[in-house]
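Undergrad: For reference, the structure I am asking about is given below.
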Amino acid sequence: MQIEKLKKILIENGEPKFRLSQIKKAIYQDGVSAFSEISTISKNLRELLEKEVEILSFEVEKVLASKDGLSLKALFKLVDGSRIESVLLSPIENKWSVCISSQVGCQLNCGFCATGKNGFQRNLTAEEISDQVLFWRQHLQKNFKFKISNLKLTNVVYMGMGEPFLNWDEVRKSLKDLTDKDLFAFGSRSISVSTAGIPDGIQKLAEEFPQINLAISLHFASDVKRNQFMPINKKYNLEELKMALRDYFSKTKRQVFIEYLMLSGINDSEEDAYALSTYLKSIGNRQLLHVNLIAYNETGNSFKASSGNKTHLFKNYLENGGLSVTIRKSLGQEVSGACGQLAGK
Ligand code: SAH
């Protein structure tokens with residue numbers, strides 16, 4: 001929302017100081033989607049704000065929902081005409097998790113991911129990033145008004161389009177707003193930032209937001225394979241990533257989530273499990289690593305998801321080596337809102 005503009009208007013109109021907090025609470029915490037709905041402010045002010053201040057920085061073009069209503073995807077049109085997507089998922093009853101984009105498109109071009117296929121257009125502003133959360137808060141408020149328990153937007157993950165650490169300045173501002181007690185008021189531990197492995201970004205997160213969760217999209221534990229499917233590995237290889245993670249642990253002592261996509265015939269053999277186990281153990285702090293084995297969502301390329309059986313064998317192998325592992329069920333496929341399916345269409 002255009003907070004600076006709102007502040008200016010309130011001052012110009014001689015409104016008392018508490019007015020700003022009152023409006024912020026209504027918008028950011030109560031999920032009000034129009035100034036006209038804020039009954040605690042005068043009619044004149046409501047009308048003025050309605051005319052002058054935009055609450056969302058983009059237009060909502062489409063909202064798709066799965067049949068069970070537990071996965072939703074929204075397509076937003078930004079002021080310059082480009083499009084981004086954001087997803088709302090309910091993995092656990094009464095809990096809603098928002099997956100947000102940090103860039104239009106992506107520079108990384110990982111072989112298996114749909115987002116990079118259309119190239120990179122631009123960074124999102126902090127407002128465009130956090131407004132995705134604001135939109136979903138409004139959506140929940142409008143659609144589940146009578147079921148208060150369903151309103152709880154509990155988590156935010158930076159796992160939509162883009163690489164958050166390649167847009168750090170704006171991502172940082174958005175993290176500040178999401179954790180600001182007068183704005184979104186999320187606890188840091190309810191927010192996760194996912195990266196394909198940019199050491200500099202990992203370091204900044206550790207220094208500036210040590211309580212925010214870090215997820216690493218590892219997917220391959222050999223440089224040969226990772227180079228082949230994740231070009232960023234040619235710039236920052238597994239050894240550099242290891243150093244960055246060691247540094248992260250020494251600064252934060254916090255758990256890190258290792259994301260590992262299960263790709264049939266590519267990274268799901270016993271040899272791959274051995275490579276992963278060896279690599280992760282070589283980082284040290286094994287008790288702080290948690291591996292998520294992720295079912296691949298097909299996106300119209302030649303990659304196939306590993307079978308359930310293969311995935312279980314892989315999990316057992318890692319667990320026998322002393323690692324903690326979860327097989328993540330995949331949500332959002334029905335609305336093409338699953339990880340790696342976001343292409344801004
Ligand atoms: N660039 C950041 C943020 C994007 S997160 C990162 O790489 O972490 C999106 C996650 O979905 C990443 O882990 C990505 O590797 C994964 N992903 C990409 N394509 C996928 C697909 N088709 N199915 C499941 N996950 C996919």
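Ligands are numbered from 1 in the order shown, residues from 1 within each chain, and chains are lettered A, B, ... in the order they appear in the structure tokens.
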Need the shell around Val256 in chain A: protein/DNA/RNA residues with any atom at most 7 Å away, counting only C-alpha atoms. Skip same-chain ones fewer than 3 positions apart. Format as number ranges by chain?
TA: A: 213-215, 288-290
Undergrad: Write out as a ChimeraX atom specification all residues of range 141-257 of chain A that DSSP puts in helix (DSSP H, G or I) for this structure's backbone.
TA: /A:141-143,148-151,164-166,168-179,188-190,199-208,223-229,232-235,238-252
Undergrad: Which residues come within 7 Å of range 118-133 of chain A, counting only C-alpha atoms, excluding same-chain residues fewer than 5 positions away, as JSON, numbers by chain?
TA: {"A": [1, 56, 57, 86, 98, 100, 101, 102, 103, 104, 105, 106, 107, 167, 170, 171, 173, 174, 178]}
Undergrad: Can I get the selection written as a tab-separated table (two decimals), in the first residue's frame, with N, CA and C atoms?
TA:
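As written to disk, out.tsv reads:
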chain	number	residue	atom	x	y	z
A	1	MET	N	0.83	-1.20	0.00
A	1	MET	CA	0.00	0.00	0.00
A	1	MET	C	0.88	1.26	0.00
A	56	LEU	N	-3.71	-1.86	-3.11
A	56	LEU	CA	-2.82	-2.83	-3.76
A	56	LEU	C	-2.11	-2.16	-4.93
A	57	SER	N	-0.85	-2.52	-5.14
A	57	SER	CA	-0.07	-1.87	-6.19
A	57	SER	C	-0.25	-2.55	-7.55
A	86	SER	N	1.03	-15.63	-7.40
A	86	SER	CA	1.20	-15.93	-5.98
A	86	SER	C	0.22	-17.03	-5.62
A	98	VAL	N	1.24	-18.57	2.36
A	98	VAL	CA	1.30	-17.82	1.10
A	98	VAL	C	2.67	-17.98	0.48
A	100	ILE	N	5.08	-16.35	-2.24
A	100	ILE	CA	5.15	-15.09	-2.98
A	100	ILE	C	6.35	-15.03	-3.94
A	101	SER	N	6.19	-14.20	-4.96
A	101	SER	CA	7.23	-14.00	-5.97
A	101	SER	C	8.09	-12.81	-5.56
A	102	SER	N	9.36	-12.85	-5.97
A	102	SER	CA	10.25	-11.72	-5.66
A	102	SER	C	10.75	-11.02	-6.93
A	103	GLN	N	10.54	-11.66	-8.08
A	103	GLN	CA	10.96	-11.05	-9.35
A	103	GLN	C	9.93	-11.41	-10.43
A	104	VAL	N	9.94	-10.63	-11.52
A	104	VAL	CA	9.14	-11.03	-12.68
A	104	VAL	C	10.06	-11.90	-13.52
A	105	GLY	N	9.74	-13.19	-13.62
A	105	GLY	CA	10.64	-14.13	-14.30
A	105	GLY	C	11.81	-14.45	-13.38
A	106	CYS	N	12.84	-15.03	-13.94
A	106	CYS	CA	13.99	-15.43	-13.13
A	106	CYS	C	15.23	-15.52	-14.01
A	107	GLN	N	16.37	-15.11	-13.44
A	107	GLN	CA	17.63	-15.15	-14.20
A	107	GLN	C	18.28	-16.52	-14.19
A	167	ASN	N	17.48	-9.98	-5.50
A	167	ASN	CA	16.71	-8.74	-5.35
A	167	ASN	C	16.69	-8.38	-3.86
A	170	GLU	N	15.06	-5.02	-2.12
A	170	GLU	CA	13.59	-4.95	-2.02
A	170	GLU	C	13.06	-6.08	-1.14
A	171	VAL	N	13.68	-7.25	-1.23
A	171	VAL	CA	13.25	-8.37	-0.39
A	171	VAL	C	13.46	-8.00	1.09
A	173	LYS	N	13.42	-5.02	2.43
A	173	LYS	CA	12.36	-4.08	2.86
A	173	LYS	C	11.05	-4.83	3.09
A	174	SER	N	10.76	-5.78	2.21
A	174	SER	CA	9.49	-6.50	2.36
A	174	SER	C	9.51	-7.35	3.63
A	178	LEU	N	6.82	-7.23	6.62
A	178	LEU	CA	6.08	-8.42	7.06
A	178	LEU	C	6.23	-8.67	8.56
Undergrad: Taking 3 positions as the minimum chain separation for residues in the same chain, which residues sit within 12 Å of Lys253 in chain A when counting only C-alpha atoms? Answer as a PyMOL selection string.
TA: chain A and resi 206+210-214+245-250+256+284-289
Undergrad: Return as CSV the residues of chain A lying at most 7 Å from ligand 1, together with the closest atom-to-atom pair for each and the distance in Å to one decimal, counting only C-alpha atoms and all ligand atoms, with rows in chain order and ascending residue number.
TA:
residue,atom,partner,partner_atom_place_in_ligand_line,distance
A:Phe112,CA,ligand 1,19 (N),5.3
A:Cys113,CA,ligand 1,19 (N),3.6
A:Ala114,CA,ligand 1,19 (N),6.2
A:Tyr158,CA,ligand 1,3 (C),6.2
A:Met159,CA,ligand 1,5 (S),3.5
A:Gly160,CA,ligand 1,4 (C),5.3
A:Met161,CA,ligand 1,4 (C),5.9
A:Gly162,CA,ligand 1,1 (N),5.1
A:Glu163,CA,ligand 1,1 (N),3.6
A:Pro164,CA,ligand 1,2 (C),6.4
A:Ser194,CA,ligand 1,8 (O),4.0
A:Thr195,CA,ligand 1,8 (O),3.5
A:Ala196,CA,ligand 1,7 (O),3.8
A:Ala215,CA,ligand 1,8 (O),6.9
A:Ile216,CA,ligand 1,8 (O),5.9
A:Ser217,CA,ligand 1,13 (O),4.3
A:Glu259,CA,ligand 1,13 (O),5.9
A:Leu261,CA,ligand 1,25 (N),6.2
A:Ile294,CA,ligand 1,24 (C),6.5
A:Ala295,CA,ligand 1,24 (C),6.2
A:Tyr296,CA,ligand 1,23 (N),3.9
A:Asn297,CA,ligand 1,23 (N),3.8
A:Glu298,CA,ligand 1,22 (N),5.4
A:Thr299,CA,ligand 1,22 (N),5.6
A:Ala338,CA,ligand 1,24 (C),6.6
A:Cys339,CA,ligand 1,11 (O),4.1
A:Gly340,CA,ligand 1,19 (N),3.0
A:Gln341,CA,ligand 1,22 (N),5.6
Undergrad: Report as a Markdown table the residues of range 150-269 of chain A within 12 Å of range 13-24 of chain A, each with its shortest atom pair and distance in Å (one decimal), using only C-alpha atoms, ordered by chain and increasing residue number.
TA:
| residue | atom | partner | partner_atom | distance |
| --- | --- | --- | --- | --- |
| A:Asp177 | CA | A:Lys24 | CA | 11.6 |
| A:Asp180 | CA | A:Lys24 | CA | 11.1 |
| A:Lys181 | CA | A:Lys24 | CA | 10.4 |
| A:Asp182 | CA | A:Lys24 | CA | 6.9 |
| A:Leu183 | CA | A:Lys24 | CA | 6.3 |
| A:Phe184 | CA | A:Lys24 | CA | 9.0 |
| A:Ala185 | CA | A:Lys24 | CA | 11.0 |
Undergrad: Store the residues picked out above in a file with C-alpha atoms, as a PDB file, in the first residue's frame.
TA:
ATOM      1  CA  ASP A 177       7.237  -4.839   6.582  1.00  0.00           C
ATOM      2  CA  ASP A 180       6.664  -4.973  11.526  1.00  0.00           C
ATOM      3  CA  LYS A 181       4.296  -5.129  14.516  1.00  0.00           C
ATOM      4  CA  ASP A 182       2.285  -2.193  13.152  1.00  0.00           C
ATOM      5  CA  LEU A 183       1.968  -3.706   9.705  1.00  0.00           C
ATOM      6  CA  PHE A 184       1.689  -7.418   8.898  1.00  0.00           C
ATOM      7  CA  ALA A 185       3.006  -8.514  12.300  1.00  0.00           C
TER       8      ALA A 185
END
Undergrad: Could you pull out all residues of range 20-221 of chain A with a DSSP call of strand (DSSP E) and give them as a ChimeraX atom specification?
TA: /A:59-65,71-77,83-92,95-99,103-105,120-123,153-158,191-195,213-217
Undergrad: For N, CA and C atoms, I'd like the residues from the last selection saved as a short mmCIF file (atom, residue, chain, number, x, y, z; two decimals), in the first residue's frame.
TA:
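Everything below was put into part33.cif:
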data_model
loop_
_atom_site.label_atom_id
_atom_site.label_comp_id
_atom_site.auth_asym_id
_atom_site.auth_seq_id
_atom_site.Cartn_x
_atom_site.Cartn_y
_atom_site.Cartn_z
N GLU A 59 -3.21 -4.95 -10.29
CA GLU A 59 -4.59 -5.39 -10.54
C GLU A 59 -4.66 -6.90 -10.37
N VAL A 60 -5.76 -7.37 -9.85
CA VAL A 60 -5.92 -8.82 -9.70
C VAL A 60 -6.63 -9.32 -10.96
N GLU A 61 -5.93 -10.10 -11.76
CA GLU A 61 -6.53 -10.53 -13.03
C GLU A 61 -7.34 -11.80 -12.90
N LYS A 62 -6.85 -12.70 -12.07
CA LYS A 62 -7.50 -14.02 -12.02
C LYS A 62 -7.22 -14.66 -10.67
N VAL A 63 -8.19 -15.37 -10.14
CA VAL A 63 -7.93 -16.20 -8.96
C VAL A 63 -8.49 -17.58 -9.26
N LEU A 64 -7.64 -18.58 -9.21
CA LEU A 64 -8.09 -19.95 -9.47
C LEU A 64 -8.06 -20.72 -8.17
N ALA A 65 -9.05 -21.61 -8.00
CA ALA A 65 -9.05 -22.44 -6.78
C ALA A 65 -9.21 -23.89 -7.16
N SER A 71 -6.13 -24.98 -2.42
CA SER A 71 -5.00 -24.41 -3.16
C SER A 71 -5.55 -23.31 -4.06
N LEU A 72 -5.00 -22.15 -3.96
CA LEU A 72 -5.47 -21.05 -4.80
C LEU A 72 -4.28 -20.37 -5.44
N LYS A 73 -4.51 -19.88 -6.64
CA LYS A 73 -3.43 -19.15 -7.31
C LYS A 73 -3.99 -17.84 -7.85
N ALA A 74 -3.25 -16.77 -7.70
CA ALA A 74 -3.71 -15.48 -8.24
C ALA A 74 -2.70 -14.97 -9.26
N LEU A 75 -3.24 -14.34 -10.30
CA LEU A 75 -2.40 -13.71 -11.31
C LEU A 75 -2.59 -12.20 -11.16
N PHE A 76 -1.48 -11.50 -10.99
CA PHE A 76 -1.54 -10.05 -10.80
C PHE A 76 -0.91 -9.34 -12.00
N LYS A 77 -1.54 -8.23 -12.41
CA LYS A 77 -0.96 -7.42 -13.48
C LYS A 77 -0.36 -6.17 -12.84
N ARG A 83 3.34 -9.54 -15.46
CA ARG A 83 2.48 -10.36 -14.59
C ARG A 83 3.28 -11.23 -13.64
N ILE A 84 2.73 -11.38 -12.45
CA ILE A 84 3.34 -12.31 -11.48
C ILE A 84 2.24 -13.17 -10.87
N GLU A 85 2.69 -14.24 -10.23
CA GLU A 85 1.73 -15.13 -9.59
C GLU A 85 2.06 -15.30 -8.12
N SER A 86 1.03 -15.63 -7.40
CA SER A 86 1.20 -15.93 -5.98
C SER A 86 0.22 -17.03 -5.62
N VAL A 87 0.59 -17.83 -4.64
CA VAL A 87 -0.20 -19.01 -4.33
C VAL A 87 -0.56 -19.03 -2.84
N LEU A 88 -1.76 -19.49 -2.56
CA LEU A 88 -2.21 -19.65 -1.18
C LEU A 88 -2.55 -21.12 -0.98
N LEU A 89 -1.95 -21.72 0.01
CA LEU A 89 -2.16 -23.16 0.22
C LEU A 89 -2.53 -23.42 1.67
N SER A 90 -3.34 -24.44 1.87
CA SER A 90 -3.65 -24.83 3.24
C SER A 90 -3.17 -26.26 3.45
N PRO A 91 -1.91 -26.42 3.82
CA PRO A 91 -1.35 -27.77 3.99
C PRO A 91 -1.90 -28.46 5.23
N ILE A 92 -2.29 -27.67 6.22
CA ILE A 92 -2.83 -28.20 7.48
C ILE A 92 -4.12 -27.44 7.75
N LYS A 95 -4.73 -23.62 8.61
CA LYS A 95 -3.49 -22.88 8.45
C LYS A 95 -3.33 -22.54 6.99
N TRP A 96 -2.98 -21.32 6.72
CA TRP A 96 -2.78 -20.92 5.33
C TRP A 96 -1.38 -20.40 5.15
N SER A 97 -0.78 -20.82 4.07
CA SER A 97 0.58 -20.43 3.77
C SER A 97 0.59 -19.70 2.42
N VAL A 98 1.24 -18.57 2.36
CA VAL A 98 1.30 -17.82 1.10
C VAL A 98 2.67 -17.98 0.48
N CYS A 99 2.68 -18.26 -0.80
CA CYS A 99 3.94 -18.37 -1.53
C CYS A 99 4.04 -17.15 -2.43
N GLN A 103 10.54 -11.66 -8.08
CA GLN A 103 10.96 -11.05 -9.35
C GLN A 103 9.93 -11.41 -10.43
N VAL A 104 9.94 -10.63 -11.52
CA VAL A 104 9.14 -11.03 -12.68
C VAL A 104 10.06 -11.90 -13.52
N GLY A 105 9.74 -13.19 -13.62
CA GLY A 105 10.64 -14.13 -14.30
C GLY A 105 11.81 -14.45 -13.38
N PHE A 120 14.05 -13.27 -17.70
CA PHE A 120 13.91 -12.38 -16.54
C PHE A 120 13.43 -11.03 -17.04
N GLN A 121 12.45 -10.45 -16.34
CA GLN A 121 12.03 -9.11 -16.75
C GLN A 121 12.50 -8.02 -15.79
N ARG A 122 12.15 -8.17 -14.52
CA ARG A 122 12.63 -7.15 -13.58
C ARG A 122 12.44 -7.59 -12.13
N ASN A 123 13.06 -6.82 -11.27
CA ASN A 123 12.87 -7.04 -9.84
C ASN A 123 11.52 -6.47 -9.43
N LEU A 153 -3.76 -16.65 8.39
CA LEU A 153 -2.69 -16.74 7.42
C LEU A 153 -1.41 -16.89 8.25
N THR A 154 -0.88 -18.10 8.29
CA THR A 154 0.16 -18.35 9.29
C THR A 154 1.60 -18.22 8.78
N ASN A 155 1.81 -18.53 7.50
CA ASN A 155 3.19 -18.55 7.00
C ASN A 155 3.35 -17.84 5.67
N VAL A 156 4.55 -17.33 5.46
CA VAL A 156 4.88 -16.74 4.17
C VAL A 156 6.17 -17.38 3.68
N VAL A 157 6.16 -17.87 2.45
CA VAL A 157 7.39 -18.44 1.89
C VAL A 157 7.76 -17.70 0.61
N TYR A 158 9.03 -17.36 0.49
CA TYR A 158 9.53 -16.71 -0.73
C TYR A 158 9.94 -17.84 -1.68
N ILE A 191 8.27 -17.10 8.57
CA ILE A 191 8.63 -16.69 7.20
C ILE A 191 9.85 -17.50 6.75
N SER A 192 9.82 -17.96 5.49
CA SER A 192 10.97 -18.68 4.94
C SER A 192 11.41 -18.07 3.62
N VAL A 193 12.72 -17.97 3.46
CA VAL A 193 13.27 -17.49 2.20
C VAL A 193 14.01 -18.66 1.56
N SER A 194 13.72 -18.89 0.28
CA SER A 194 14.34 -20.01 -0.42
C SER A 194 15.31 -19.49 -1.48
N THR A 195 16.47 -20.13 -1.55
CA THR A 195 17.47 -19.69 -2.53
C THR A 195 18.07 -20.88 -3.26
N ASN A 213 13.49 -18.24 8.48
CA ASN A 213 13.96 -19.56 8.02
C ASN A 213 14.63 -19.49 6.65
N LEU A 214 15.63 -20.33 6.50
CA LEU A 214 16.36 -20.41 5.22
C LEU A 214 16.12 -21.78 4.60
N ALA A 215 15.77 -21.79 3.32
CA ALA A 215 15.67 -23.05 2.57
C ALA A 215 16.63 -22.98 1.39
N ILE A 216 17.31 -24.09 1.15
CA ILE A 216 18.25 -24.15 0.02
C ILE A 216 17.71 -25.13 -1.01
N SER A 217 17.54 -24.65 -2.24
CA SER A 217 17.14 -25.55 -3.32
C SER A 217 18.39 -26.25 -3.82
#
Undergrad: What is the distance between CA of Ile27 in chain A and CA of Ser66 in chain A, in Å to one decimal?
TA: 26.9 Å
Undergrad: Would you mind reading off the distance between CA of Asn94 in chain A and CA of Thr40 in chain A, one decimal, in Å?
TA: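 Distance between the two atoms: 29.0 Å.
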Undergrad: Using CA of Ser39 in chain A and CA of Trp136 in chain A as the two end points, give the distance in Å to one decimal.
TA: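 That distance, rounded to one decimal, is 21.6 Å.
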Undergrad: Would you mind listing what lies within 8 Å of range 265-267 of chain A as a list in words, with only C-alpha atoms counted and same-chain residues fewer than 2 positions away left out?
TA: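 So the residues in contact are His219, Phe220, Met262, Leu263, Ser269, Asp272 and Ser306 of chain A.
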Undergrad: Name the residues in contact with Asn227 in chain A at a cut-off of 10 Å, using only C-alpha atoms, excluding same-chain residues fewer than 4 positions from it; report them as a list in words.
TA: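 The residues that qualify are Cys110, Phe220, Ser222, Asp223, Pro231, Ile232, Asn233, Lys234, Lys235, Tyr236, Asn237 and Leu238 of chain A.
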